[in-house]
Amino acid sequence: MTTVSQAAVPAELATHPESGIPGPLHAPQPGATATLIHDFRELFKVKVVALVLVTGWGGFYLGSMQSGISSVQRGLLDTLFGIGLVSAGAGALNEALERKIDARMKRTADRPMAAGRFSLAQGVIAGLGALFLGALWLLLRTNLLTVSLALLTAFTYVAVYTPLKRFTTMATFIGAFPGAMGPLLGWTAARGRMEWPAVALFAILFVWQFPHFMAIAWLYRDDYARAGIRMLPVVQPDGWATVAEALFFAVVMIPVSVAPWRLGMAGVSYAVLATLLGLGYLAYTIRFAGILRTKDETESRMLARDLLKVSVLYLPLLFTTLMLCATARH
């Protein structure tokens, strides 16, 4: 541990204590309360939790529609609260396991455990606490199936996907399973059982993730390489495998996205709109393939960033469309 005072180290020469990345050790900081709030947001991966909650809401809403409109509001907040806690706990445990890896990547070096503002013990306690409270809440407010699936999701994310990232590119495929569980958890909370419409919602989330993941992996391939994470652009840097995987799943996304229509969850208007949205997603994925021809890193990053932005817009638009076009069953 260094004992050199902060004043003795010029900001332009300082490096992060674990990553070795040049930059100021201590930029001007906000107040202690604001910093603590920011750190908890990062620790619990609030942005990821928000996506899980949005898709969980969609699953609960659509599941409730199958029992009648009057049941839509019943238990929604309880379900989302429990799912949110479990997701937050899993996120904190993921950061605890990856704190040293995070410290080597520019985009994650300032996370609270990577930067040393939270200790390992604090992160683990916070993660386990949120996980336990979320599971208990779901057990008391929903049903055993939803609790079991939520805990299986957290286990797969933390204990399987997280360590595998350092050994195989298959980790991305495995990580897509817990990443797609949001609507399935919402559905089982509303209905108490597994059904084909719930599987269709799961499939939409599962397939959607791959173009999204490939855009992120290409954007941050240098970071991933520095941290020893075996993403496709790291293992096969020419980009062919990255583009092929993104294109394959973007094509598959179109028939998968219309599955709710085939299952009677929504009318033909949904099928038309879902197809149009899917074609738009595919168009940007085809555009992303331009990374294979360009030698300009700025253009390459722009293509990946554009696909990433479109993927983030596409999913809520698709779910909103489905919810608006959903057909109630009594």
# chains A, B, ... in the order shown; residues from 1 in each chain; ligands from 1
call {"tool": "residues_around", "arguments": {"residues": "range 130-141 of chain A", "least_positions_apart": "3", "cutoff": "10 Å", "atoms": "only C-alpha atoms", "output": "number ranges by chain"}}
result
A: 44, 75-93, 124-127, 144-148, 150-151, 154, 189
call {"tool": "write_last_selection", "arguments": {"atoms": "C-alpha atoms", "output": "PDB file, in the first residue's frame"}}
result
ATOM      1  CA  PHE A  44     -26.236  -2.933  -7.260  1.00  0.00           C
ATOM      2  CA  GLY A  75     -49.144  -8.091  -6.606  1.00  0.00           C
ATOM      3  CA  LEU A  76     -47.246  -6.110  -9.246  1.00  0.00           C
ATOM      4  CA  LEU A  77     -45.304  -3.887  -6.854  1.00  0.00           C
ATOM      5  CA  ASP A  78     -44.577  -6.814  -4.537  1.00  0.00           C
ATOM      6  CA  THR A  79     -43.248  -8.819  -7.457  1.00  0.00           C
ATOM      7  CA  LEU A  80     -41.070  -6.047  -8.817  1.00  0.00           C
ATOM      8  CA  PHE A  81     -39.697  -5.218  -5.389  1.00  0.00           C
ATOM      9  CA  GLY A  82     -38.637  -8.809  -4.784  1.00  0.00           C
ATOM     10  CA  ILE A  83     -37.195  -9.299  -8.267  1.00  0.00           C
ATOM     11  CA  GLY A  84     -35.331  -5.995  -7.958  1.00  0.00           C
ATOM     12  CA  LEU A  85     -33.713  -6.983  -4.669  1.00  0.00           C
ATOM     13  CA  VAL A  86     -32.614 -10.380  -5.978  1.00  0.00           C
ATOM     14  CA  SER A  87     -31.201  -8.784  -9.133  1.00  0.00           C
ATOM     15  CA  ALA A  88     -29.398  -6.106  -7.111  1.00  0.00           C
ATOM     16  CA  GLY A  89     -27.907  -8.737  -4.816  1.00  0.00           C
ATOM     17  CA  ALA A  90     -26.659 -10.787  -7.751  1.00  0.00           C
ATOM     18  CA  GLY A  91     -25.125  -7.660  -9.282  1.00  0.00           C
ATOM     19  CA  ALA A  92     -23.242  -6.840  -6.082  1.00  0.00           C
ATOM     20  CA  LEU A  93     -21.895 -10.394  -5.788  1.00  0.00           C
ATOM     21  CA  VAL A 124     -20.499  -9.504  -0.195  1.00  0.00           C
ATOM     22  CA  ILE A 125     -22.655  -8.619   2.816  1.00  0.00           C
ATOM     23  CA  ALA A 126     -24.657  -6.110   0.765  1.00  0.00           C
ATOM     24  CA  GLY A 127     -25.108  -8.622  -2.044  1.00  0.00           C
ATOM     25  CA  LEU A 144     -42.398 -20.936  -4.541  1.00  0.00           C
ATOM     26  CA  LEU A 145     -41.904 -21.308  -8.301  1.00  0.00           C
ATOM     27  CA  THR A 146     -40.999 -17.628  -8.698  1.00  0.00           C
ATOM     28  CA  VAL A 147     -38.602 -17.758  -5.727  1.00  0.00           C
ATOM     29  CA  SER A 148     -36.909 -20.876  -7.097  1.00  0.00           C
ATOM     30  CA  ALA A 150     -35.164 -16.085  -9.085  1.00  0.00           C
ATOM     31  CA  LEU A 151     -32.552 -17.916  -6.998  1.00  0.00           C
ATOM     32  CA  ALA A 154     -28.880 -15.379  -9.407  1.00  0.00           C
ATOM     33  CA  ALA A 189     -45.570 -14.418 -10.127  1.00  0.00           C
TER      34      ALA A 189
END
call {"tool": "residues_around", "arguments": {"residues": "range 179-183 of chain A", "least_positions_apart": "5", "cutoff": "6 Å", "atoms": "only C-alpha atoms", "output": "list in words"}}
result
Val52, Thr55, Gly56, Gly59, Phe202, Leu205 and Phe206 of chain A
call {"tool": "atom_distance", "arguments": {"atom1": "CA of Arg301 in chain A", "atom2": "CA of Ala215 in chain A"}}
result
8.9 Å
call {"tool": "residues_around", "arguments": {"residues": "Thr327 in chain A", "least_positions_apart": "4", "cutoff": "9 Å", "atoms": "only C-alpha atoms", "output": "mmCIF file with N, CA and C atoms, in the first residue's frame"}}
result
data_model
loop_
_atom_site.group_PDB
_atom_site.id
_atom_site.type_symbol
_atom_site.label_atom_id
_atom_site.label_comp_id
_atom_site.auth_asym_id
_atom_site.auth_seq_id
_atom_site.Cartn_x
_atom_site.Cartn_y
_atom_site.Cartn_z
ATOM 1 N N LEU A 62 -48.695 -9.270 -18.787
ATOM 2 C CA LEU A 62 -49.212 -10.197 -19.785
ATOM 3 C C LEU A 62 -49.755 -11.469 -19.139
ATOM 4 N N MET A 65 -53.110 -10.647 -17.750
ATOM 5 C CA MET A 65 -54.113 -10.533 -18.805
ATOM 6 C C MET A 65 -54.782 -11.873 -19.099
ATOM 7 N N GLN A 66 -54.047 -12.943 -18.898
ATOM 8 C CA GLN A 66 -54.611 -14.263 -19.165
ATOM 9 C C GLN A 66 -55.651 -14.662 -18.119
ATOM 10 N N GLY A 264 -51.555 -16.627 -29.472
ATOM 11 C CA GLY A 264 -52.829 -15.995 -29.139
ATOM 12 C C GLY A 264 -52.763 -14.925 -28.084
ATOM 13 N N MET A 265 -51.564 -14.437 -27.773
ATOM 14 C CA MET A 265 -51.432 -13.400 -26.762
ATOM 15 C C MET A 265 -51.813 -12.026 -27.302
ATOM 16 N N ALA A 266 -51.712 -11.842 -28.606
ATOM 17 C CA ALA A 266 -52.004 -10.548 -29.233
ATOM 18 C C ALA A 266 -52.497 -10.786 -30.655
ATOM 19 N N GLY A 267 -53.087 -9.747 -31.245
ATOM 20 C CA GLY A 267 -53.653 -9.864 -32.576
ATOM 21 C C GLY A 267 -52.637 -9.649 -33.676
ATOM 22 N N MET A 323 -47.665 -5.277 -25.012
ATOM 23 C CA MET A 323 -48.580 -4.981 -23.915
ATOM 24 C C MET A 323 -49.809 -4.211 -24.398
#
call {"tool": "atom_distance", "arguments": {"atom1": "CA of Leu303 in chain A", "atom2": "CA of Phe288 in chain A"}}
result
5.1 Å
call {"tool": "closest_residue", "arguments": {"among": "A:Gly129, A:Gly290, A:Gly280, A:Pro211", "to": "Leu318 in chain A", "atoms": "only C-alpha atoms"}}
result
A:Gly280
call {"tool": "residues_around", "arguments": {"residues": "Asp222 in chain A", "least_positions_apart": "2", "cutoff": "12 Å", "atoms": "only C-alpha atoms", "output": "list in words"}}
result
Arg104, Met105, Lys106, Arg107, Ile216, Ala217, Trp218, Leu219, Tyr220, Tyr224, Ala225, Arg226, Ala227, Gly228, Ile229, Arg230, Met231, Leu232, Pro233, Val234, Val235, Pro237, Glu297 and Arg301 of chain A
call {"tool": "residues_around", "arguments": {"residues": "Ala198 in chain A", "least_positions_apart": "3", "cutoff": "7 Å", "atoms": "only C-alpha atoms", "output": "VMD selection string"}}
result
chain A and resid 184 187 194 to 195 201 to 202
call {"tool": "atom_distance", "arguments": {"atom1": "CA of Met113 in chain A", "atom2": "CA of Asp223 in chain A"}}
result
17.7 Å
call {"tool": "residues_around", "arguments": {"residues": "Leu322 in chain A", "least_positions_apart": "3", "cutoff": "10 Å", "atoms": "only C-alpha atoms", "output": "list of chain:residue names"}}
result
A:Gly58, A:Leu62, A:Ser257, A:Val258, A:Pro260, A:Trp261, A:Met265, A:Ala266, A:Gly267, A:Ser269, A:Tyr270, A:Ala271, A:Leu273, A:Ala274, A:Pro316, A:Leu317, A:Leu318, A:Phe319, A:Cys325, A:Ala326, A:Thr327
call {"tool": "residues_around", "arguments": {"residues": "range 243-256 of chain A", "least_positions_apart": "3", "cutoff": "8 Å", "atoms": "only C-alpha atoms", "output": "list of chain:residue names"}}
result
A:Ala200, A:Ala203, A:Ile204, A:Val207, A:Trp208, A:Phe210, A:Pro211, A:His212, A:Met214, A:Gly239, A:Trp240, A:Ala259, A:Ala274, A:Thr275, A:Gly278, A:Leu279, A:Tyr281, A:Leu282, A:Thr285, A:Ile286, A:Phe288, A:Ala289
call {"tool": "write_last_selection", "arguments": {"atoms": "C-alpha atoms", "output": "CSV table (one decimal), in the first residue's frame"}}
result
chain,number,residue,atom,x,y,z
A,200,ALA,CA,-42.0,-17.1,-25.7
A,203,ALA,CA,-37.0,-16.5,-25.9
A,204,ILE,CA,-37.5,-12.9,-27.0
A,207,VAL,CA,-32.3,-13.9,-28.6
A,208,TRP,CA,-32.3,-10.1,-28.3
A,210,PHE,CA,-26.7,-11.4,-28.8
A,211,PRO,CA,-26.6,-8.4,-31.2
A,212,HIS,CA,-26.6,-6.2,-28.1
A,214,MET,CA,-21.7,-8.2,-29.7
A,239,GLY,CA,-14.6,-9.5,-36.3
A,240,TRP,CA,-16.0,-12.2,-38.6
A,259,ALA,CA,-44.4,-16.0,-31.3
A,274,ALA,CA,-43.1,-6.7,-34.3
A,275,THR,CA,-41.9,-7.7,-37.7
A,278,GLY,CA,-37.4,-6.7,-36.0
A,279,LEU,CA,-36.5,-5.6,-39.6
A,281,TYR,CA,-33.1,-4.2,-35.6
A,282,LEU,CA,-31.7,-6.4,-38.4
A,285,THR,CA,-27.1,-5.3,-37.3
A,286,ILE,CA,-26.3,-5.5,-41.1
A,288,PHE,CA,-22.8,-3.2,-37.9
A,289,ALA,CA,-21.1,-5.6,-40.3
call {"tool": "select_by_dssp", "arguments": {"residues": "range 43-268 of chain A", "states": "helix (DSSP H, G or I)", "output": "NGL selection string"}}
result
:A and (43 or 46-65 or 69-71 or 76-97 or 99-103 or 120-141 or 144-164 or 170-179 or 182-191 or 196-219 or 221-227 or 232-235 or 240-257 or 259-262 or 268)
call {"tool": "closest_residue", "arguments": {"among": "A:Ala50, A:Asp110, A:Ala241, A:Leu277", "to": "His38 in chain A", "atoms": "only C-alpha atoms"}}
result
A:Asp110
